[in-house]
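Everything below belongs to model01.txt, which stores compact mmCIF, C-alpha atoms.
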# COMPACT_ATOMS: atom_id res chain seq x y z
CA MET A 24 87.45 125.89 10.97
CA GLU A 25 88.38 122.30 10.32
CA ASN A 26 86.08 119.92 8.50
CA PHE A 27 85.02 118.30 11.72
CA SER A 28 81.36 117.76 12.59
CA GLU A 29 79.58 118.35 15.90
CA GLN A 30 79.15 114.59 16.29
CA ASP A 31 82.88 114.15 15.76
CA SER A 32 83.52 116.75 18.46
CA LEU A 33 81.29 114.99 20.97
CA ARG A 34 82.84 111.63 20.13
CA LEU A 35 86.33 113.07 20.57
CA ILE A 36 85.49 114.68 23.93
CA THR A 37 84.02 111.41 25.23
CA GLU A 38 86.97 109.41 23.93
CA MET A 39 89.56 111.72 25.53
CA ILE A 40 87.78 111.90 28.89
CA SER A 41 87.53 108.10 28.87
CA LYS A 42 91.23 107.78 27.96
CA ALA A 43 92.19 110.07 30.85
CA LYS A 44 90.03 108.07 33.27
CA LYS A 45 91.45 104.75 32.10
CA SER A 46 94.96 106.12 32.58
CA TYR A 47 94.35 106.36 36.29
CA ILE A 48 95.38 102.78 36.87
CA THR A 49 97.41 101.83 39.89
CA LYS A 50 99.64 98.77 39.95
CA GLY A 51 98.37 97.90 43.41
CA TYR A 52 101.89 97.43 44.84
CA ALA A 53 101.18 99.50 47.97
CA SER A 54 97.93 97.67 48.61
CA ILE A 55 99.59 94.26 48.21
CA MET A 56 102.49 95.27 50.44
CA TRP A 57 100.33 96.68 53.26
CA GLY A 58 97.88 93.79 53.02
CA SER A 59 100.72 91.24 53.29
CA ILE A 60 102.27 93.09 56.24
CA ILE A 61 99.02 93.32 58.20
CA VAL A 62 98.20 89.64 57.54
CA PHE A 63 101.74 88.59 58.51
CA CYS A 64 101.96 90.75 61.67
CA SER A 65 98.47 89.74 62.82
CA LEU A 66 99.14 86.01 62.38
CA VAL A 67 102.54 86.25 64.09
CA THR A 68 100.95 88.10 67.02
CA TRP A 69 98.21 85.47 67.18
CA ALA A 70 100.87 82.72 67.16
CA GLU A 71 102.80 84.54 69.91
CA ILE A 72 99.70 84.51 72.13
CA TYR A 73 98.62 80.97 71.25
CA PHE A 74 102.02 79.25 71.40
CA LYS A 75 103.34 81.58 74.11
CA PHE A 76 106.60 82.79 72.55
CA ASN A 77 108.08 86.17 71.78
CA ALA A 78 108.96 87.05 68.20
CA GLY A 79 109.87 90.66 68.97
CA ASP A 80 107.83 93.62 67.86
CA VAL A 81 106.81 92.53 64.36
CA TRP A 82 104.59 95.59 64.03
CA LEU A 83 107.76 97.67 63.53
CA LEU A 84 107.56 96.30 59.98
CA THR A 85 104.79 98.82 59.35
CA ILE A 86 107.27 101.65 59.96
CA VAL A 87 109.93 100.06 57.72
CA ALA A 88 107.31 99.65 54.98
CA ILE A 89 106.90 103.42 54.72
CA ILE A 90 110.15 103.57 52.69
CA PRO A 91 108.98 101.32 49.79
CA GLN A 92 105.54 102.97 50.02
CA VAL A 93 107.05 106.41 49.34
CA TYR A 94 109.27 104.95 46.58
CA PHE A 95 106.34 103.21 44.81
CA GLY A 96 104.17 106.31 45.17
CA ILE A 97 106.71 108.65 43.57
CA LYS A 98 107.58 106.13 40.82
CA GLU A 99 103.95 105.50 39.94
CA ASN A 100 103.15 109.22 39.78
CA LYS A 101 106.07 109.80 37.43
CA GLU A 102 105.10 106.92 35.15
CA ARG A 103 101.48 108.05 35.02
CA GLY A 104 102.38 111.41 33.46
CA PHE A 105 99.58 113.36 35.10
CA THR A 106 98.10 114.23 38.44
CA SER A 107 94.40 113.97 39.05
CA TYR A 108 92.12 115.66 41.54
CA GLU A 109 90.89 112.31 42.84
CA GLY A 110 94.49 111.09 43.25
CA ASP A 111 95.33 114.18 45.29
CA THR A 112 92.26 113.70 47.48
CA LEU A 113 93.08 110.04 48.09
CA SER A 114 96.70 110.85 48.91
CA ALA A 115 95.44 113.28 51.56
CA VAL A 116 93.04 110.65 52.97
CA TRP A 117 95.80 108.01 53.22
CA LEU A 118 98.24 110.51 54.72
CA ALA A 119 95.66 111.42 57.37
CA PHE A 120 95.12 107.69 57.98
CA GLY A 121 98.88 107.08 58.34
CA ILE A 122 99.26 109.91 60.85
CA SER A 123 96.23 108.72 62.84
CA ILE A 124 97.51 105.13 62.93
CA PHE A 125 100.91 106.33 64.09
CA LEU A 126 99.39 108.46 66.88
CA LEU A 127 97.05 105.66 67.95
CA SER A 128 99.90 103.13 68.05
CA TYR A 129 101.90 105.55 70.17
CA TYR A 130 98.94 106.15 72.47
CA PHE A 131 98.15 102.45 72.97
CA GLY A 132 101.86 101.72 73.41
CA THR A 133 102.41 104.31 76.10
CA HIS A 134 99.08 104.41 77.97
CA LYS A 135 97.27 101.69 79.80
CA VAL A 136 93.88 101.46 78.13
CA ASP A 137 91.01 99.22 79.12
CA GLY A 138 89.67 97.10 76.28
CA ASP A 139 91.27 95.92 73.04
CA SER A 140 92.97 98.34 70.71
CA GLN A 141 92.32 96.02 67.72
CA SER A 142 88.70 97.19 67.36
CA VAL A 143 89.84 100.79 67.03
CA PHE A 144 92.54 99.93 64.48
CA MET A 145 90.15 97.89 62.35
CA MET A 146 87.60 100.69 62.46
CA LEU A 147 90.33 103.05 61.25
CA TYR A 148 91.42 100.63 58.47
CA ALA A 149 87.89 100.82 57.10
CA ILE A 150 87.82 104.58 56.58
CA PRO A 151 90.46 105.16 53.83
CA THR A 152 89.69 101.77 52.25
CA PHE A 153 85.99 102.54 51.93
CA ILE A 154 86.63 106.09 50.66
CA THR A 155 89.16 104.82 48.08
CA GLY A 156 86.69 102.19 46.91
CA ARG A 157 83.89 104.75 46.55
CA VAL A 158 86.00 107.41 44.83
CA THR A 159 87.60 104.98 42.38
CA LYS A 160 84.40 102.92 42.02
CA PHE A 161 86.36 99.80 42.93
CA LYS A 162 83.94 97.39 44.60
CA PRO A 163 86.52 95.02 46.20
CA MET A 164 87.79 97.95 48.29
CA ILE A 165 84.28 99.04 49.24
CA CYS A 166 83.63 95.47 50.42
CA GLY A 167 87.03 95.44 52.16
CA GLY A 168 86.14 98.63 54.03
CA ILE A 169 82.79 97.17 55.11
CA PHE A 170 84.56 93.96 56.20
CA CYS A 171 86.85 96.06 58.45
CA TRP A 172 83.83 97.72 60.12
CA VAL A 173 82.13 94.36 60.64
CA ALA A 174 85.38 92.90 62.01
CA SER A 175 85.82 95.92 64.28
CA PHE A 176 82.32 95.47 65.71
CA THR A 177 82.75 91.69 66.08
CA SER A 178 86.08 92.11 67.85
CA MET A 179 84.36 94.09 70.61
CA PHE A 180 82.83 90.77 71.75
CA THR A 181 85.65 88.31 71.05
CA ASN A 182 88.90 87.38 72.75
CA ILE A 183 92.26 88.73 71.66
CA GLN A 184 93.19 85.62 69.64
CA ILE A 185 90.12 85.95 67.44
CA ASP A 186 90.75 89.70 67.23
CA PHE A 187 94.07 89.07 65.53
CA PHE A 188 92.45 86.60 63.12
CA LEU A 189 89.91 89.29 62.28
CA MET A 190 92.72 91.77 61.80
CA ALA A 191 94.46 89.37 59.41
CA GLY A 192 91.11 89.15 57.58
CA CYS A 193 91.07 92.95 57.31
CA GLY A 194 94.54 92.94 55.74
CA LEU A 195 93.45 90.19 53.37
CA PHE A 196 90.07 91.56 52.27
CA ALA A 197 90.74 95.31 52.45
CA TRP A 198 94.17 95.41 50.83
CA LEU A 199 95.82 92.16 49.77
CA ILE A 200 93.04 90.75 47.57
CA PRO A 201 92.02 94.16 46.10
CA GLY A 202 95.74 94.87 45.51
CA ILE A 203 96.19 91.62 43.59
CA MET A 204 93.08 92.46 41.55
CA LEU A 205 94.48 95.92 40.79
CA TYR A 206 97.77 94.38 39.71
CA MET A 207 95.97 91.93 37.41
CA ARG A 208 93.92 94.79 35.97
CA TYR A 209 97.12 96.75 35.35
CA LYS A 210 98.75 93.75 33.65
CA LYS A 211 95.68 93.32 31.46
CA SER A 212 95.72 96.98 30.43
CA VAL A 213 99.44 96.76 29.56
CA GLN A 214 98.81 93.67 27.41
CA ALA A 215 95.90 95.43 25.71
CA HIS A 216 98.26 98.24 24.62
CA VAL A 217 100.97 95.93 23.25
CA MET B 26 68.99 128.71 17.47
CA PHE B 27 72.50 127.49 16.75
CA LYS B 28 75.32 128.95 18.79
CA ASN B 29 78.65 129.65 17.16
CA LEU B 30 81.32 127.11 17.94
CA ASN B 31 84.48 128.54 19.46
CA PRO B 32 87.07 128.32 16.63
CA ILE B 33 89.94 127.80 19.07
CA LEU B 34 88.31 124.67 20.47
CA HIS B 35 86.70 123.47 17.26
CA SER B 36 89.90 121.87 16.09
CA GLN B 37 90.52 118.16 16.50
CA LEU B 38 93.84 118.29 18.33
CA ARG B 39 93.10 121.35 20.46
CA LEU B 40 89.77 119.88 21.52
CA ALA B 41 91.47 116.58 22.36
CA ILE B 42 94.04 118.40 24.50
CA VAL B 43 91.42 120.42 26.38
CA SER B 44 89.22 117.32 26.89
CA LEU B 45 92.19 115.51 28.44
CA LEU B 46 93.18 118.47 30.60
CA ILE B 47 89.61 118.96 31.85
CA SER B 48 89.75 115.43 33.29
CA VAL B 49 93.01 115.84 35.20
CA LYS B 50 94.68 118.37 37.44
CA GLU B 51 97.91 118.58 35.47
CA ALA B 52 99.40 116.55 32.62
CA GLU B 53 102.85 116.12 31.13
CA PHE B 54 103.55 116.86 27.47
CA VAL B 55 104.46 113.17 26.97
CA PHE B 56 101.08 112.07 28.35
CA LEU B 57 99.22 114.41 25.98
CA LYS B 58 101.34 113.25 23.05
CA GLU B 59 100.66 109.60 23.83
CA LYS B 60 96.90 110.04 24.27
CA THR B 61 96.35 112.28 21.24
CA ASN B 62 98.76 110.40 18.93
CA ALA B 63 99.99 113.78 17.71
CA SER B 64 103.53 114.60 16.63
CA ALA B 65 105.61 116.58 19.12
CA GLY B 66 105.83 119.54 16.75
CA ASN B 67 102.11 119.76 16.06
CA LEU B 68 101.24 119.28 19.72
CA SER B 69 103.65 122.04 20.67
CA VAL B 70 102.08 124.46 18.19
CA GLN B 71 98.52 123.70 19.36
CA LEU B 72 99.50 123.98 23.02
CA ASN B 73 100.93 127.42 22.35
CA LYS B 74 97.70 128.48 20.63
CA LEU B 75 95.73 127.38 23.68
CA LYS B 76 98.18 129.18 25.92
CA GLU B 77 97.86 132.40 23.90
CA ALA B 78 94.09 132.20 24.39
CA ASN B 79 94.75 131.79 28.15
CA TYR B 80 92.96 128.42 28.09
CA ILE B 81 95.91 126.55 29.50
CA GLU B 82 99.04 127.20 31.55
CA ILE B 83 102.36 125.65 30.57
CA ASN B 84 105.13 125.16 33.09
CA LYS B 85 108.56 124.01 32.02
CA GLN B 86 110.82 122.51 34.64
CA PHE B 87 113.51 119.91 35.15
CA SER B 88 112.84 116.54 36.71
CA ASN B 89 115.86 114.27 37.30
CA ASN B 90 117.89 116.37 34.85
CA TYR B 91 115.27 115.91 32.12
CA PRO B 92 113.10 118.76 30.85
CA GLN B 93 109.47 118.35 31.79
CA THR B 94 106.53 120.30 30.38
CA LEU B 95 103.43 120.40 32.52
CA CYS B 96 100.10 121.66 31.23
CA ARG B 97 97.02 122.55 33.16
CA ILE B 98 93.68 124.07 32.15
CA THR B 99 92.79 127.54 33.46
CA GLN B 100 89.42 128.81 34.70
CA ILE B 101 89.04 130.65 31.37
CA GLY B 102 89.72 127.33 29.60
CA VAL B 103 87.13 125.51 31.70
CA ALA B 104 84.52 128.20 30.98
CA ALA B 105 85.30 128.10 27.24
CA PHE B 106 85.04 124.31 27.21
CA GLU B 107 81.69 124.38 29.02
CA GLU B 108 80.39 126.97 26.59
CA TYR B 109 81.65 124.90 23.66
CA VAL B 110 79.88 121.76 24.94
CA SER B 111 76.69 123.74 25.48
CA ALA B 112 76.93 125.08 21.90
CA LEU B 113 77.49 121.53 20.63
CA LYS B 114 74.33 120.41 22.43
CA SER B 115 72.31 123.04 20.59
CA TYR B 116 73.42 121.40 17.33
CA THR B 117 72.85 117.82 18.39
CA ASN B 118 69.44 118.54 19.97
CA ASN B 119 68.12 119.97 16.70
Can you give me the file's structure in the form of C-alpha cells?
Amino acid sequence: MENFSEQDSLRLITEMISKAKKSYITKGYASIMWGSIIVFCSLVTWAEIYFKFNAGDVWLLTIVAIIPQVYFGIKENKERGFTSYEGDTLSAVWLAFGISIFLLSYYFGTHKVDGDSQSVFMMLYAIPTFITGRVTKFKPMICGGIFCWVASFTSMFTNIQIDFFLMAGCGLFAWLIPGIMLYMRYKKSVQAHV
Amino acid sequence: MFKNLNPILHSQLRLAIVSLLISVKEAEFVFLKEKTNASAGNLSVQLNKLKEANYIEINKQFSNNYPQTLCRITQIGVAAFEEYVSALKSYTNN
C-alpha cells in the first residue's frame, strides 16, 4: 500500500468528484441562440399584428435553428471528454420538448382551435427550462421556468399583442439571459485555468 | 473496529480515477489524464489494473479517424468504491 493516509483518501475523493462536477460546464450557445430566436420571432409577430404587415413565417427560423443546435451539441460533448447521467437525462427532456413543440405547432397550424396557442407554448417552454434549472442547480433557469408559467397564465387573460410580448419575455428570461450567464461562467472558468 | 482498506483502491491515482468515474457515465482517457495530472503511461497502467479487477470497462474506438479510449465504472467497481468509503469512515470516525 502507498503511504497515503485515510484523510488524504477522503480529500482526494472529494477533490475528484468536485472536479468532475465543475467540468460539466456548458457554453450556453444553444440557450443564447434559442432565446434570441424566440425574442426575435415574438417581436416580429407582434409588429406584424400592430403595424399590419406580413413578414412571412418567421417562426420557420426555429426549424432552421435545429442545424446549429445539433452542431453545437455534438461539438460540446466532444470537447467535454465525458458523458454524465444528468446530461443524458437533460438531453432526453429537451428532445421530448422539441418533439412536443413540433407536434403542437403542426396541430395549431392545421386545426382551427378556439383560444390562443401562445399560452400552451409558454407553458411548454417552462417544463424543460425548470427541470434543467433544478437538475443543474442553476437559479436563473429555475426563475426563467417560473416566469414562463406566470406568462402562460397571464396570457390566458390578455390580447394577442400582449401575448407575444410575454412570449418574448419567456425567450429573454428563460433562455437568453441564462445563456449569457452560462457563457460568462464558461469564460471565467477558462480564464481560471490559464 | 477498523476495516481493511481495499489495496486496489488505496492508491492515489487509482482512487482518483475511480472517484472521477463514479461521478460520470463515461469518460475519455484524455479527460482522466487532464483531471488527474498523471502521465499517459502511468494512467494506462493503473487503468489496466482497475480493468483486471473488473472495476472499470475500457472501450477503444475511433472518432473522426482518431483513437478514442472510453472508460466507465462497473457495478463491481461501484460496490468496491462504496465499501472503500465505508471503511474510510470507520477510520475517520475513531
### Task
Define the interface residues of chain A facing chain B as those within 7 Å, counting all atoms listed in the file, and report them as an NGL selection string.
:A and (24-25 or 29 or 35-36 or 39-40 or 43 or 104-108)
### Task
Using atom CA of Met179 of chain A and atom CA of Val143 of chain A as the two end points, give the distance in Å to one decimal.
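Going from atom CA of Met179 of chain A over to atom CA of Val143 of chain A, I get 9.4 Å.
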### Query
Rounded to one decimal in Å, what is the spacing between atom CA of Leu126 of chain A and atom CA of Tyr148 of chain A?
14.0 Å
### Task
Just give me the gap between atom CA of Thr37 of chain A and atom CA of Ser64 of chain B in Å, one decimal is fine.
21.6 Å
### Task
Go through A:Ser178, A:Thr159, A:Gln92, A:Thr68 one by one, measure the shortest atom-to-atom distance of each to Ile55 of chain A using all atoms listed in the file, and give the residue with the smallest value.
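Ranked by minimum distance to Ile55 of chain A, first place goes to A:Gln92.
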Generate the missing atoms of segment 34-58 of chain A up to N, CA and C atoms and report them as a PDB file, in the frame of the given file.
ATOM      1  N   ARG A  34      82.185 112.935  20.054  1.00  0.00           N
ATOM      2  CA  ARG A  34      82.840 111.630  20.130  1.00  0.00           C
ATOM      3  C   ARG A  34      84.280 111.790  20.658  1.00  0.00           C
ATOM      4  N   LEU A  35      84.944 112.825  20.157  1.00  0.00           N
ATOM      5  CA  LEU A  35      86.330 113.070  20.570  1.00  0.00           C
ATOM      6  C   LEU A  35      86.411 113.424  22.056  1.00  0.00           C
ATOM      7  N   ILE A  36      85.497 114.282  22.507  1.00  0.00           N
ATOM      8  CA  ILE A  36      85.490 114.680  23.930  1.00  0.00           C
ATOM      9  C   ILE A  36      85.300 113.442  24.803  1.00  0.00           C
ATOM     10  N   THR A  37      84.298 112.622  24.446  1.00  0.00           N
ATOM     11  CA  THR A  37      84.020 111.410  25.230  1.00  0.00           C
ATOM     12  C   THR A  37      85.219 110.478  25.226  1.00  0.00           C
ATOM     13  N   GLU A  38      85.827 110.328  24.050  1.00  0.00           N
ATOM     14  CA  GLU A  38      86.970 109.410  23.930  1.00  0.00           C
ATOM     15  C   GLU A  38      88.140 109.881  24.801  1.00  0.00           C
ATOM     16  N   MET A  39      88.419 111.188  24.776  1.00  0.00           N
ATOM     17  CA  MET A  39      89.560 111.720  25.530  1.00  0.00           C
ATOM     18  C   MET A  39      89.328 111.638  27.042  1.00  0.00           C
ATOM     19  N   ILE A  40      88.096 111.964  27.459  1.00  0.00           N
ATOM     20  CA  ILE A  40      87.780 111.900  28.890  1.00  0.00           C
ATOM     21  C   ILE A  40      87.914 110.445  29.354  1.00  0.00           C
ATOM     22  N   SER A  41      87.438 109.527  28.530  1.00  0.00           N
ATOM     23  CA  SER A  41      87.530 108.100  28.870  1.00  0.00           C
ATOM     24  C   SER A  41      88.992 107.651  28.919  1.00  0.00           C
ATOM     25  N   LYS A  42      89.806 108.139  27.969  1.00  0.00           N
ATOM     26  CA  LYS A  42      91.230 107.780  27.960  1.00  0.00           C
ATOM     27  C   LYS A  42      91.914 108.267  29.233  1.00  0.00           C
ATOM     28  N   ALA A  43      91.577 109.501  29.638  1.00  0.00           N
ATOM     29  CA  ALA A  43      92.190 110.070  30.850  1.00  0.00           C
ATOM     30  C   ALA A  43      91.787 109.243  32.063  1.00  0.00           C
ATOM     31  N   LYS A  44      90.515 108.854  32.122  1.00  0.00           N
ATOM     32  CA  LYS A  44      90.030 108.070  33.270  1.00  0.00           C
ATOM     33  C   LYS A  44      90.714 106.716  33.322  1.00  0.00           C
ATOM     34  N   LYS A  45      90.839 106.079  32.149  1.00  0.00           N
ATOM     35  CA  LYS A  45      91.450 104.750  32.100  1.00  0.00           C
ATOM     36  C   LYS A  45      92.928 104.816  32.454  1.00  0.00           C
ATOM     37  N   SER A  46      93.536 105.987  32.286  1.00  0.00           N
ATOM     38  CA  SER A  46      94.960 106.120  32.580  1.00  0.00           C
ATOM     39  C   SER A  46      95.221 106.097  34.074  1.00  0.00           C
ATOM     40  N   TYR A  47      94.158 106.375  34.850  1.00  0.00           N
ATOM     41  CA  TYR A  47      94.350 106.360  36.290  1.00  0.00           C
ATOM     42  C   TYR A  47      94.290 104.925  36.797  1.00  0.00           C
ATOM     43  N   ILE A  48      95.331 104.176  36.442  1.00  0.00           N
ATOM     44  CA  ILE A  48      95.380 102.780  36.870  1.00  0.00           C
ATOM     45  C   ILE A  48      96.574 102.626  37.800  1.00  0.00           C
ATOM     46  N   THR A  49      96.307 102.058  38.961  1.00  0.00           N
ATOM     47  CA  THR A  49      97.410 101.830  39.890  1.00  0.00           C
ATOM     48  C   THR A  49      97.846 100.371  39.773  1.00  0.00           C
ATOM     49  N   LYS A  50      99.135 100.141  40.056  1.00  0.00           N
ATOM     50  CA  LYS A  50      99.640  98.770  39.950  1.00  0.00           C
ATOM     51  C   LYS A  50      99.257  97.942  41.182  1.00  0.00           C
ATOM     52  N   GLY A  51      98.813  98.608  42.213  1.00  0.00           N
ATOM     53  CA  GLY A  51      98.370  97.900  43.410  1.00  0.00           C
ATOM     54  C   GLY A  51      99.496  97.438  44.322  1.00  0.00           C
ATOM     55  N   TYR A  52     100.746  97.875  44.026  1.00  0.00           N
ATOM     56  CA  TYR A  52     101.890  97.430  44.840  1.00  0.00           C
ATOM     57  C   TYR A  52     101.697  97.782  46.328  1.00  0.00           C
ATOM     58  N   ALA A  53     101.309  99.044  46.580  1.00  0.00           N
ATOM     59  CA  ALA A  53     101.180  99.500  47.970  1.00  0.00           C
ATOM     60  C   ALA A  53     100.123  98.673  48.702  1.00  0.00           C
ATOM     61  N   SER A  54      99.020  98.427  48.011  1.00  0.00           N
ATOM     62  CA  SER A  54      97.930  97.670  48.610  1.00  0.00           C
ATOM     63  C   SER A  54      98.384  96.238  48.934  1.00  0.00           C
ATOM     64  N   ILE A  55      99.100  95.624  47.998  1.00  0.00           N
ATOM     65  CA  ILE A  55      99.590  94.260  48.210  1.00  0.00           C
ATOM     66  C   ILE A  55     100.581  94.239  49.379  1.00  0.00           C
ATOM     67  N   MET A  56     101.471  95.232  49.383  1.00  0.00           N
ATOM     68  CA  MET A  56     102.490  95.270  50.440  1.00  0.00           C
ATOM     69  C   MET A  56     101.847  95.447  51.826  1.00  0.00           C
ATOM     70  N   TRP A  57     100.945  96.434  51.952  1.00  0.00           N
ATOM     71  CA  TRP A  57     100.330  96.680  53.260  1.00  0.00           C
ATOM     72  C   TRP A  57      99.430  95.511  53.675  1.00  0.00           C
ATOM     73  N   GLY A  58      98.736  94.944  52.723  1.00  0.00           N
ATOM     74  CA  GLY A  58      97.880  93.790  53.020  1.00  0.00           C
ATOM     75  C   GLY A  58      98.715  92.634  53.553  1.00  0.00           C
TER      76      GLY A  58
END
